file protein-v7.pdb (PDB, C-alpha atoms and all ligand atoms)
ATOM      1  CA  MET A   1      -5.443-109.677   4.930
ATOM      2  CA  GLY A   2      -3.751-106.814   3.096
ATOM      3  CA  ILE A   3      -0.464-107.060   1.231
ATOM      4  CA  PHE A   4       1.353-105.196   4.029
ATOM      5  CA  ASP A   5       0.021-107.594   6.654
ATOM      6  CA  LYS A   6       1.229-110.486   4.511
ATOM      7  CA  LEU A   7       4.685-108.931   4.139
ATOM      8  CA  ALA A   8       4.833-108.224   7.878
ATOM      9  CA  GLY A   9       3.947-111.880   8.514
ATOM     10  CA  MET A  10       6.729-113.014   6.168
ATOM     11  CA  PHE A  11       9.390-110.964   7.946
ATOM     12  CA  ARG A  12       8.175-111.536  11.498
ATOM     13  CA  VAL A  13      10.508-113.715  13.585
ATOM     14  CA  ARG A  14       8.548-116.909  13.851
ATOM     15  CA  LYS A  15       8.668-118.868  17.077
ATOM     16  CA  GLU A  16      10.585-122.076  16.593
ATOM     17  CA  GLU A  17       8.441-125.218  16.800
ATOM     18  CA  VAL A  18      10.053-128.607  17.082
ATOM     19  CA  ASN A  19       8.361-132.022  16.971
ATOM     20  CA  ILE A  20      10.345-134.574  18.928
ATOM     21  CA  LEU A  21       9.788-138.304  18.914
ATOM     22  CA  VAL A  22      10.613-139.875  22.282
ATOM     23  CA  VAL A  23      11.410-143.575  21.928
ATOM     24  CA  GLY A  24      13.182-146.313  23.876
ATOM     25  CA  LEU A  25      12.270-149.579  25.576
ATOM     26  CA  ASN A  26       9.470-149.699  28.135
ATOM     27  CA  ASN A  27      10.414-148.626  31.659
ATOM     28  CA  SER A  28      13.443-146.638  30.407
ATOM     29  CA  GLY A  29      11.988-143.367  31.757
ATOM     30  CA  LYS A  30      10.627-141.587  28.652
ATOM     31  CA  SER A  31       7.407-140.288  30.239
ATOM     32  CA  THR A  32       9.311-139.222  33.373
ATOM     33  CA  ILE A  33      11.707-137.199  31.185
ATOM     34  CA  VAL A  34       8.887-135.518  29.231
ATOM     35  CA  ASN A  35       7.033-134.828  32.493
ATOM     36  CA  HIS A  36      10.109-133.012  33.850
ATOM     37  CA  PHE A  37       9.882-130.363  31.105
ATOM     38  CA  LYS A  38       6.159-129.719  31.437
ATOM     39  CA  HIS A  39       4.712-126.648  33.167
ATOM     40  CA  PRO A  40       4.418-127.299  36.956
ATOM     41  CA  GLU A  41       0.608-127.144  36.752
ATOM     42  CA  GLU A  42       0.520-129.714  33.944
ATOM     43  CA  LYS A  43       2.936-132.211  35.495
ATOM     44  CA  SER A  44       1.454-135.588  36.359
ATOM     45  CA  THR A  45       2.194-136.865  39.833
ATOM     46  CA  VAL A  46       1.969-140.563  39.010
ATOM     47  CA  THR A  47       3.996-142.443  36.436
ATOM     48  CA  VAL A  48       2.170-145.214  34.616
ATOM     49  CA  PRO A  49       3.262-147.195  31.545
ATOM     50  CA  THR A  50       2.183-145.370  28.389
ATOM     51  CA  VAL A  51      -0.497-147.018  26.271
ATOM     52  CA  GLY A  52       0.182-146.446  22.573
ATOM     53  CA  PHE A  53       1.542-142.903  22.779
ATOM     54  CA  SER A  54       0.748-139.523  24.261
ATOM     55  CA  VAL A  55       1.337-136.038  22.909
ATOM     56  CA  GLU A  56       2.787-133.479  25.307
ATOM     57  CA  LYS A  57       3.684-129.827  24.754
ATOM     58  CA  PHE A  58       6.269-127.758  26.590
ATOM     59  CA  GLN A  59       8.491-124.710  26.096
ATOM     60  CA  ASN A  60      12.244-124.624  26.619
ATOM     61  CA  GLN A  61      14.739-121.877  25.693
ATOM     62  CA  GLY A  62      12.166-120.065  23.579
ATOM     63  CA  VAL A  63      11.386-123.205  21.593
ATOM     64  CA  SER A  64       7.932-124.833  21.544
ATOM     65  CA  PHE A  65       8.295-128.586  21.729
ATOM     66  CA  THR A  66       5.637-131.123  20.818
ATOM     67  CA  ALA A  67       6.772-134.462  22.210
ATOM     68  CA  PHE A  68       5.351-137.726  20.918
ATOM     69  CA  ASP A  69       5.962-139.909  23.956
ATOM     70  CA  MET A  70       5.778-143.438  22.570
ATOM     71  CA  SER A  71       5.182-146.596  24.530
ATOM     72  CA  GLY A  72       8.257-148.816  24.584
ATOM     73  CA  ALA A  73       6.290-152.019  25.144
ATOM     74  CA  GLY A  74       6.954-154.628  22.439
ATOM     75  CA  ARG A  75       3.379-154.645  21.139
ATOM     76  CA  TYR A  76       3.393-150.864  20.582
ATOM     77  CA  ARG A  77       6.869-150.419  19.059
ATOM     78  CA  SER A  78       5.451-150.752  15.536
ATOM     79  CA  LEU A  79       3.747-147.375  16.157
ATOM     80  CA  TRP A  80       7.092-145.530  16.298
ATOM     81  CA  GLU A  81       7.573-145.510  12.531
ATOM     82  CA  HIS A  82       4.270-143.684  11.914
ATOM     83  CA  HIS A  83       5.854-140.557  13.412
ATOM     84  CA  PHE A  84       9.290-140.790  11.735
ATOM     85  CA  LYS A  85       8.318-138.556   8.789
ATOM     86  CA  SER A  86       6.878-135.669  10.801
ATOM     87  CA  CYS A  87       9.466-135.487  13.589
ATOM     88  CA  HIS A  88      12.327-132.950  13.553
ATOM     89  CA  ALA A  89      14.445-134.710  16.180
ATOM     90  CA  ILE A  90      14.554-138.015  18.037
ATOM     91  CA  VAL A  91      15.063-138.513  21.759
ATOM     92  CA  PHE A  92      16.167-142.088  22.427
ATOM     93  CA  VAL A  93      15.975-143.076  26.089
ATOM     94  CA  ILE A  94      18.008-145.975  27.496
ATOM     95  CA  ASP A  95      17.813-147.481  30.967
ATOM     96  CA  SER A  96      21.543-147.556  31.826
ATOM     97  CA  SER A  97      20.962-150.175  34.500
ATOM     98  CA  ASP A  98      19.147-152.602  32.189
ATOM     99  CA  ARG A  99      22.255-154.420  30.858
ATOM    100  CA  MET A 100      20.249-157.488  29.827
ATOM    101  CA  ARG A 101      18.178-155.590  27.274
ATOM    102  CA  LEU A 102      20.985-153.495  25.785
ATOM    103  CA  VAL A 103      21.057-155.837  22.787
ATOM    104  CA  VAL A 104      17.309-155.239  22.243
ATOM    105  CA  VAL A 105      17.993-151.486  22.433
ATOM    106  CA  LYS A 106      20.655-151.885  19.719
ATOM    107  CA  ASP A 107      18.227-153.832  17.488
ATOM    108  CA  GLU A 108      15.558-151.129  17.854
ATOM    109  CA  LEU A 109      18.106-148.385  17.163
ATOM    110  CA  ASP A 110      19.299-150.197  14.013
ATOM    111  CA  ILE A 111      15.707-150.536  12.772
ATOM    112  CA  LEU A 112      15.145-146.826  13.402
ATOM    113  CA  THR A 113      18.325-145.553  11.729
ATOM    114  CA  HIS A 114      17.785-147.796   8.668
ATOM    115  CA  HIS A 115      14.131-146.849   8.200
ATOM    116  CA  PRO A 116      13.546-145.078   4.828
ATOM    117  CA  ASP A 117      11.961-142.069   6.573
ATOM    118  CA  ILE A 118      15.061-141.611   8.756
ATOM    119  CA  ALA A 119      18.015-143.138   6.891
ATOM    120  CA  HIS A 120      18.625-140.255   4.472
ATOM    121  CA  ARG A 121      17.795-137.396   6.822
ATOM    122  CA  LYS A 122      20.273-135.373   8.847
ATOM    123  CA  ILE A 123      17.944-135.615  11.832
ATOM    124  CA  PRO A 124      19.512-135.017  15.273
ATOM    125  CA  ILE A 125      19.328-137.894  17.758
ATOM    126  CA  LEU A 126      19.645-137.185  21.468
ATOM    127  CA  PHE A 127      20.372-140.238  23.627
ATOM    128  CA  PHE A 128      19.606-140.154  27.323
ATOM    129  CA  ALA A 129      21.561-142.763  29.285
ATOM    130  CA  ASN A 130      18.884-142.568  31.946
ATOM    131  CA  LYS A 131      18.723-143.940  35.497
ATOM    132  CA  MET A 132      22.358-142.970  36.126
ATOM    133  CA  ASP A 133      21.508-142.981  39.842
ATOM    134  CA  CYS A 134      21.084-146.764  39.862
ATOM    135  CA  PRO A 135      24.104-148.499  41.401
ATOM    136  CA  ASP A 136      24.664-150.867  38.447
ATOM    137  CA  ALA A 137      24.193-148.193  35.769
ATOM    138  CA  LEU A 138      26.636-148.206  32.836
ATOM    139  CA  SER A 139      28.381-144.947  31.949
ATOM    140  CA  SER A 140      27.272-143.037  28.846
ATOM    141  CA  VAL A 141      30.636-143.879  27.224
ATOM    142  CA  LYS A 142      30.063-147.622  27.717
ATOM    143  CA  ILE A 143      26.499-147.375  26.417
ATOM    144  CA  ALA A 144      27.686-145.420  23.348
ATOM    145  CA  ALA A 145      30.247-148.170  22.674
ATOM    146  CA  ALA A 146      27.742-151.006  23.218
ATOM    147  CA  LEU A 147      25.265-149.411  20.789
ATOM    148  CA  GLY A 148      27.976-148.589  18.219
ATOM    149  CA  LEU A 149      26.991-144.914  18.137
ATOM    150  CA  GLU A 150      30.310-143.982  16.497
ATOM    151  CA  LYS A 151      28.909-145.643  13.334
ATOM    152  CA  ILE A 152      26.206-142.963  13.047
ATOM    153  CA  ARG A 153      28.119-140.526  10.840
ATOM    154  CA  ASP A 154      25.365-138.934   8.755
ATOM    155  CA  LYS A 155      23.322-137.551  11.653
ATOM    156  CA  PRO A 156      24.310-135.331  14.553
ATOM    157  CA  TRP A 157      23.959-137.232  17.826
ATOM    158  CA  HIS A 158      24.708-136.652  21.461
ATOM    159  CA  ILE A 159      24.514-138.785  24.590
ATOM    160  CA  SER A 160      23.758-137.385  28.055
ATOM    161  CA  SER A 161      23.706-139.290  31.329
ATOM    162  CA  SER A 162      20.502-138.444  33.137
ATOM    163  CA  ASN A 163      18.429-138.974  36.206
ATOM    164  CA  ALA A 164      14.841-138.208  35.274
ATOM    165  CA  LEU A 165      13.748-138.324  38.910
ATOM    166  CA  THR A 166      15.905-135.321  39.847
ATOM    167  CA  GLY A 167      16.211-133.808  36.350
ATOM    168  CA  GLU A 168      20.022-134.099  36.353
ATOM    169  CA  GLY A 169      21.478-134.093  32.814
ATOM    170  CA  LEU A 170      18.127-133.414  31.112
ATOM    171  CA  GLN A 171      18.653-129.700  30.460
ATOM    172  CA  ASP A 172      22.146-130.329  28.977
ATOM    173  CA  GLY A 173      20.624-132.745  26.485
ATOM    174  CA  VAL A 174      17.805-130.437  25.399
ATOM    175  CA  GLN A 175      20.269-127.523  25.157
ATOM    176  CA  TRP A 176      22.307-129.573  22.666
ATOM    177  CA  LEU A 177      19.125-130.312  20.703
ATOM    178  CA  VAL A 178      18.132-126.629  20.537
ATOM    179  CA  PHE A 179      21.669-125.621  19.475
ATOM    180  CA  GLU A 180      21.667-128.337  16.791
ATOM    181  CA  LYS A 181      18.277-127.271  15.379
ATOM    182  CA  GLN A 182      19.291-123.598  15.366
ATOM    183  CA  SER A 183      22.572-124.236  13.530
ATOM    184  CA  MET A 184      20.681-126.399  11.000
ATOM    185  CA  ASN A 185      18.176-123.558  10.447
ATOM    186  CA  ALA A 186      21.043-121.049  10.081
ATOM    187  CA  GLY A 187      22.623-123.323   7.437
ATOM    188  CA  ARG A 188      19.295-123.545   5.595
ATOM    189  CA  LYS A 189      18.890-119.745   5.736
ATOM    190  CA  ARG A 190      22.422-119.276   4.318
ATOM    191  CA  ALA A 191      21.613-121.675   1.462
ATOM    192  CA  ASN A 192      18.337-119.807   0.764
ATOM    193  CA  THR A 193      20.154-116.443   0.734
ATOM    194  CA  LEU A 194      22.683-117.809  -1.779
ATOM    195  CA  LEU A 195      19.895-119.248  -3.943
ATOM    196  CA  PHE A 196      17.856-116.016  -3.951
ATOM    197  CA  GLY A 197      21.053-114.011  -4.642
ATOM    198  CA  PHE A 198      21.795-116.229  -7.636
ATOM    199  CA  ILE A 199      18.209-115.924  -8.922
ATOM    200  CA  GLY A 200      18.429-112.121  -8.515
ATOM    201  CA  LEU A 201      21.687-111.933 -10.498
ATOM    202  CA  LEU A 202      20.243-114.196 -13.194
ATOM    203  CA  GLY A 203      17.184-111.919 -13.381
ATOM    204  CA  LEU A 204      19.402-108.831 -13.785
ATOM    205  CA  ALA A 205      21.430-110.517 -16.509
ATOM    206  CA  LEU A 206      18.313-111.657 -18.414
ATOM    207  CA  TYR A 207      16.382-108.390 -18.017
ATOM    208  CA  PRO A 208      17.649-106.609 -21.152
ATOM    209  CA  ILE A 209      17.261-109.742 -23.305
ATOM    210  CA  VAL A 210      13.946-111.162 -22.085
ATOM    211  CA  VAL A 211      11.962-108.754 -19.893
ATOM    212  CA  ASP A 212      12.735-105.427 -21.579
ATOM    213  CA  PRO A 213      11.601-106.566 -25.085
ATOM    214  CA  MET A 214       8.370-107.879 -23.505
ATOM    215  CA  ILE A 215       7.595-104.573 -21.775
ATOM    216  CA  ASN A 216       8.780-102.092 -24.401
ATOM    217  CA  THR A 217       7.215-103.810 -27.421
ATOM    218  CA  GLU A 218       6.807-100.544 -29.369
ATOM    219  CA  LYS A 219      10.512 -99.687 -28.977
ATOM    220  CA  TYR A 220      11.550-103.118 -30.253
ATOM    221  CA  LYS A 221       9.030-103.045 -33.123
ATOM    222  CA  LYS A 222      10.632 -99.796 -34.293
ATOM    223  CA  ILE A 223      14.136-101.301 -34.087
ATOM    224  CA  GLN A 224      12.935-104.359 -36.028
ATOM    225  CA  SER A 225      11.328-102.294 -38.800
ATOM    226  CA  LYS A 226      14.488-100.125 -38.996
ATOM    227  CA  ASN A 227      16.600-103.266 -39.456
ATOM    228  CA  ARG A 228      14.222-104.567 -42.118
ATOM    229  CA  ALA A 229      14.391-101.259 -43.995
ATOM    230  CA  GLY A 230      18.133-101.791 -44.466
ATOM    231  CA  VAL A 231      17.595-105.146 -46.232
ATOM    232  CA  ASN A 232      16.571-105.415 -49.894
ATOM    233  CA  GLN A 233      13.168-107.153 -49.568
ATOM    234  CA  GLU A 234      13.489-108.674 -53.021
ATOM    235  CA  GLU A 235      16.542-110.591 -51.945
ATOM    236  CA  ILE A 236      14.709-112.333 -49.146
ATOM    237  CA  GLN A 237      11.807-113.554 -51.345
ATOM    238  CA  PRO A 238      12.147-117.366 -51.726
ATOM    239  CA  GLY A 239      12.107-117.159 -55.533
ATOM    240  CA  ASN A 240      14.992-114.699 -55.538
ATOM    241  CA  MET A 241      17.206-116.491 -53.069
ATOM    242  CA  LYS A 242      20.836-115.980 -53.902
ATOM    243  CA  VAL A 243      23.444-118.669 -53.422
ATOM    244  CA  TRP A 244      26.238-116.912 -51.597
ATOM    245  CA  SER A 245      28.754-119.691 -51.726
ATOM    246  CA  ASP A 246      29.028-122.734 -53.970
ATOM    247  CA  PRO A 247      31.053-125.625 -52.512
ATOM    248  CA  PHE A 248      31.930-126.825 -56.082
ATOM    249  CA  ASP A 249      32.765-123.303 -57.219
ATOM    250  CA  ARG A 250      30.556-123.622 -60.320
ATOM    251  CA  LYS A 251      29.857-120.602 -62.463
ATOM    252  CA  ARG A 252      26.285-119.270 -62.187
ATOM    253  CA  ASP A 253      24.501-117.640 -65.166
TER     254      ASP A 253
HETATM  255  N1  LIG A 301      15.893-144.606  39.596
HETATM  256  C1  LIG A 301      15.354-144.020  38.532
HETATM  257  N2  LIG A 301      14.115-144.340  38.167
HETATM  258  C2  LIG A 301      13.581-143.731  37.092
HETATM  259  C3  LIG A 301      14.304-142.768  36.345
HETATM  260  N3  LIG A 301      13.522-142.354  35.323
HETATM  261  C4  LIG A 301      12.360-143.005  35.444
HETATM  262  N4  LIG A 301      12.382-143.836  36.501
HETATM  263  C5  LIG A 301      11.323-144.745  36.944
HETATM  264  O1  LIG A 301      11.190-145.762  35.946
HETATM  265  C6  LIG A 301       9.848-146.196  35.840
HETATM  266  C7  LIG A 301       9.397-146.131  34.401
HETATM  267  O2  LIG A 301       9.344-144.778  33.982
HETATM  268  P1  LIG A 301       8.466-144.267  32.734
HETATM  269  O3  LIG A 301       8.774-142.848  32.565
HETATM  270  O4  LIG A 301       7.049-144.665  32.893
HETATM  271  O5  LIG A 301       9.096-145.150  31.583
HETATM  272  P2  LIG A 301       8.663-145.182  30.049
HETATM  273  O6  LIG A 301       9.902-145.297  29.273
HETATM  274  O7  LIG A 301       7.775-144.041  29.738
HETATM  275  O8  LIG A 301       7.854-146.548  29.952
HETATM  276  P3  LIG A 301       6.713-146.951  28.870
HETATM  277  O9  LIG A 301       5.716-145.849  28.818
HETATM  278  O10 LIG A 301       6.130-148.226  29.388
HETATM  279  O11 LIG A 301       7.402-147.158  27.565
HETATM  280  C8  LIG A 301       9.039-145.288  36.780
HETATM  281  O12 LIG A 301       8.835-145.967  38.002
HETATM  282  C9  LIG A 301       9.945-144.097  37.008
HETATM  283  O13 LIG A 301       9.757-143.487  38.260
HETATM  284  C10 LIG A 301      15.635-142.463  36.772
HETATM  285  O14 LIG A 301      16.373-141.655  36.178
HETATM  286  N5  LIG A 301      16.098-143.126  37.858
HETATM  287 MG    MG A 302       5.833-143.863  29.059
END
call {"tool": "encode", "arguments": {"input": "protein-v7.pdb", "output": "C-alpha cells"}}
result
Amino acid sequence: MGIFDKLAGMFRVRKEEVNILVVGLNNSGKSTIVNHFKHPEEKSTVTVPTVGFSVEKFQNQGVSFTAFDMSGAGRYRSLWEHHFKSCHAIVFVIDSSDRMRLVVVKDELDILTHHPDIAHRKIPILFFANKMDCPDALSSVKIAAALGLEKIRDKPWHISSSNALTGEGLQDGVQWLVFEKQSMNAGRKRANTLLFGFIGLLGLALYPIVVDPMINTEKYKKIQSKNRAGVNQEEIQPGNMKVWSDPFDRKRD
C-alpha cells in the first residue's frame, strides 16, 4: 500500500462500529429485542432461552452493531463480565411485569456498575423496561426508582419502555444510544484536535532552538567558531583561570 493510499485511509470517514452487551435476567426479552433489529432474512422465528451467549450483527442508523446477547440464567451470569472490557455500550433488559425479581435485577445491576472494567468508564447504559404490554407491568419511572438509577451519575443512561413483540419503544432506545456514542466521539475528536494543535504550537516554538541547529549544522558551527574567536583562548585554559570576584576581597598578586 502506497503512502497516498495510507493517507486516504486515514482521512476516509470510517463506518461506526459499536459492540453492545445485552444483559438482564432470563426471560426478560433480550433475544427478542436483538431479533427485532436483525435483517428480515436473518430473523429467527422461534424464541428459545439462550445458552451461554450468542453474537448477532445488525445495522441501524448507519451504525454497525455487534450484539453480545447473553443468557440471563443464573448459571450463565458469570459470563457477562468477560465482555465488559470490549463492549462500548450496555443494554440492560428488565421484565417490567416481573415484580418479584426486581430485587435480583438490582443486585445484578450493582455488580455490573461496580465491576472494575465498568466502574471507571463513561459507558452508556440503555435500560429497556420491556414487556410493557403485560397488564401488571410497572412504568419505566417506577422501575428507575426501584433500581435507584438516579444514583448512576458517572455514566449516561436512559430508560425506555418497550414491547419487543411489536417493536414499540425499541427504536427510541437505540436512537438515544447512537446519539450518545456520536456525541462521545465528537468530544474525543475535539480533545484530539486541541492536543494536536498544542503539539503543533510547541513544535513551532521549539523549531529554532532544537530542530534548526540539528539540520543546519554547518551554519551553527560557523556561529560557534565566530563566538570562540572573540574569546582570548589563554584565559579559558584551566591553568590561567582568573578569579573574577573574591568574596573576602583579598588582594591578588
Ligand atoms: N408479552 C411480551 N412478551 C415478550 C416480550 N419480549 C419478549 N417476550 C417473550 O418473553 C419470552 C422470553 O424472551 P427471550 O427473548 O427469550 O428472553 P431472554 O431475555 O433472551 O431470555 P434468556 O435467553 O433465557 O436470558 C419469550 O416467550 C418472548 O416471546 C414483550 O415485550 N412482551
Ligand atoms: Mg436470550
call {"tool": "resolve_selection", "arguments": {"input": "protein-v7.pdb", "expression": "the PyMOL selection byres (((chain A and resi 173) around 10) and not hetatm)", "output": "VMD selection string"}}
result
chain A and resid 91 126 to 128 158 to 162 168 to 172 174 to 178
call {"tool": "residues_around", "arguments": {"input": "protein-v7.pdb", "residues": "Ala67 of chain A", "least_positions_apart": "6", "cutoff": "8 Å", "atoms": "all atoms listed in the file", "output": "VMD selection string"}}
result
chain A and resid 19 to 22 34 55 to 57
call {"tool": "resolve_selection", "arguments": {"input": "protein-v7.pdb", "expression": "the PyMOL selection byres (((not hetatm)) within 10 of (chain A and resi 302))", "output": "ChimeraX atom specification"}}
result
/A:22-35,47-54,69-73
call {"tool": "atom_distance", "arguments": {"input": "protein-v7.pdb", "atom1": "atom CA of Ser97 of chain A", "atom2": "atom CA of Ser44 of chain A"}}
result
24.4 Å
call {"tool": "closest_residue", "arguments": {"input": "protein-v7.pdb", "among": "A:Asn130, A:Ser64, A:Thr45, A:Asn216", "to": "ligand LIG 301 (chain A)", "atoms": "all atoms listed in the file"}}
result
A:Asn130
call {"tool": "residues_around", "arguments": {"input": "protein-v7.pdb", "residues": "segment 110-119 of chain A", "least_positions_apart": "3", "cutoff": "7 Å", "atoms": "all atoms listed in the file", "output": "PDB file with C-alpha atoms, in the frame of the given file"}}
result
ATOM      1  CA  PHE A  84       9.290-140.790  11.735  1.00  0.00           C
ATOM      2  CA  LYS A  85       8.318-138.556   8.789  1.00  0.00           C
ATOM      3  CA  LYS A 106      20.655-151.885  19.719  1.00  0.00           C
ATOM      4  CA  ASP A 107      18.227-153.832  17.488  1.00  0.00           C
TER       5      ASP A 107
END
call {"tool": "atom_distance", "arguments": {"input": "protein-v7.pdb", "atom1": "atom CA of Arg101 of chain A", "atom2": "atom CA of Lys38 of chain A"}}
result
28.8 Å
call {"tool": "residues_near_point", "arguments": {"input": "protein-v7.pdb", "point": "(16.4, -146.7, 22.2)", "cutoff": "6 Å", "atoms": "all atoms listed in the file", "output": "list in words"}}
result
Val23, Gly24, Phe92, Val93, Ile94, Val105 and Leu109 of chain A
call {"tool": "build_atoms", "arguments": {"input": "protein-v7.pdb", "residues": "segment 157-176 of chain A", "atoms": "N, CA and C atoms", "output": "compact mmCIF listing (two decimals), keeping the file's coordinate frame"}}
result
# COMPACT_ATOMS: atom_id res chain seq x y z
N TRP A 157 24.50 -136.56 16.65
CA TRP A 157 23.96 -137.23 17.83
C TRP A 157 24.74 -136.83 19.06
N HIS A 158 24.10 -137.04 20.20
CA HIS A 158 24.71 -136.65 21.46
C HIS A 158 24.16 -137.57 22.54
N ILE A 159 25.02 -137.95 23.50
CA ILE A 159 24.51 -138.78 24.59
C ILE A 159 24.74 -138.07 25.92
N SER A 160 23.69 -138.02 26.74
CA SER A 160 23.76 -137.38 28.06
C SER A 160 23.36 -138.40 29.11
N SER A 161 24.14 -138.47 30.19
CA SER A 161 23.71 -139.29 31.33
C SER A 161 22.62 -138.50 32.03
N SER A 162 21.58 -139.19 32.48
CA SER A 162 20.50 -138.44 33.14
C SER A 162 19.87 -139.21 34.29
N ASN A 163 19.26 -138.42 35.14
CA ASN A 163 18.43 -138.97 36.21
C ASN A 163 17.11 -138.21 36.10
N ALA A 164 16.11 -138.90 35.54
CA ALA A 164 14.84 -138.21 35.27
C ALA A 164 14.08 -137.90 36.55
N LEU A 165 14.45 -138.58 37.64
CA LEU A 165 13.75 -138.32 38.91
C LEU A 165 14.15 -136.97 39.48
N THR A 166 15.44 -136.62 39.32
CA THR A 166 15.90 -135.32 39.85
C THR A 166 16.03 -134.27 38.73
N GLY A 167 16.07 -134.73 37.49
CA GLY A 167 16.21 -133.81 36.35
C GLY A 167 17.66 -133.61 35.94
N GLU A 168 18.59 -134.25 36.66
CA GLU A 168 20.02 -134.10 36.35
C GLU A 168 20.33 -134.55 34.92
N GLY A 169 21.04 -133.73 34.18
CA GLY A 169 21.48 -134.09 32.81
C GLY A 169 20.44 -133.82 31.72
N LEU A 170 19.18 -133.58 32.13
CA LEU A 170 18.13 -133.41 31.11
C LEU A 170 18.28 -132.10 30.35
N GLN A 171 18.56 -131.01 31.11
CA GLN A 171 18.65 -129.70 30.46
C GLN A 171 19.83 -129.66 29.47
N ASP A 172 20.96 -130.30 29.86
CA ASP A 172 22.15 -130.33 28.98
C ASP A 172 21.77 -130.94 27.63
N GLY A 173 21.02 -132.04 27.71
CA GLY A 173 20.62 -132.74 26.48
C GLY A 173 19.75 -131.87 25.60
N VAL A 174 18.74 -131.26 26.19
CA VAL A 174 17.80 -130.44 25.40
C VAL A 174 18.52 -129.19 24.85
N GLN A 175 19.48 -128.68 25.63
CA GLN A 175 20.27 -127.52 25.16
C GLN A 175 21.02 -127.90 23.87
N TRP A 176 21.60 -129.10 23.86
CA TRP A 176 22.31 -129.57 22.67
C TRP A 176 21.35 -129.63 21.49
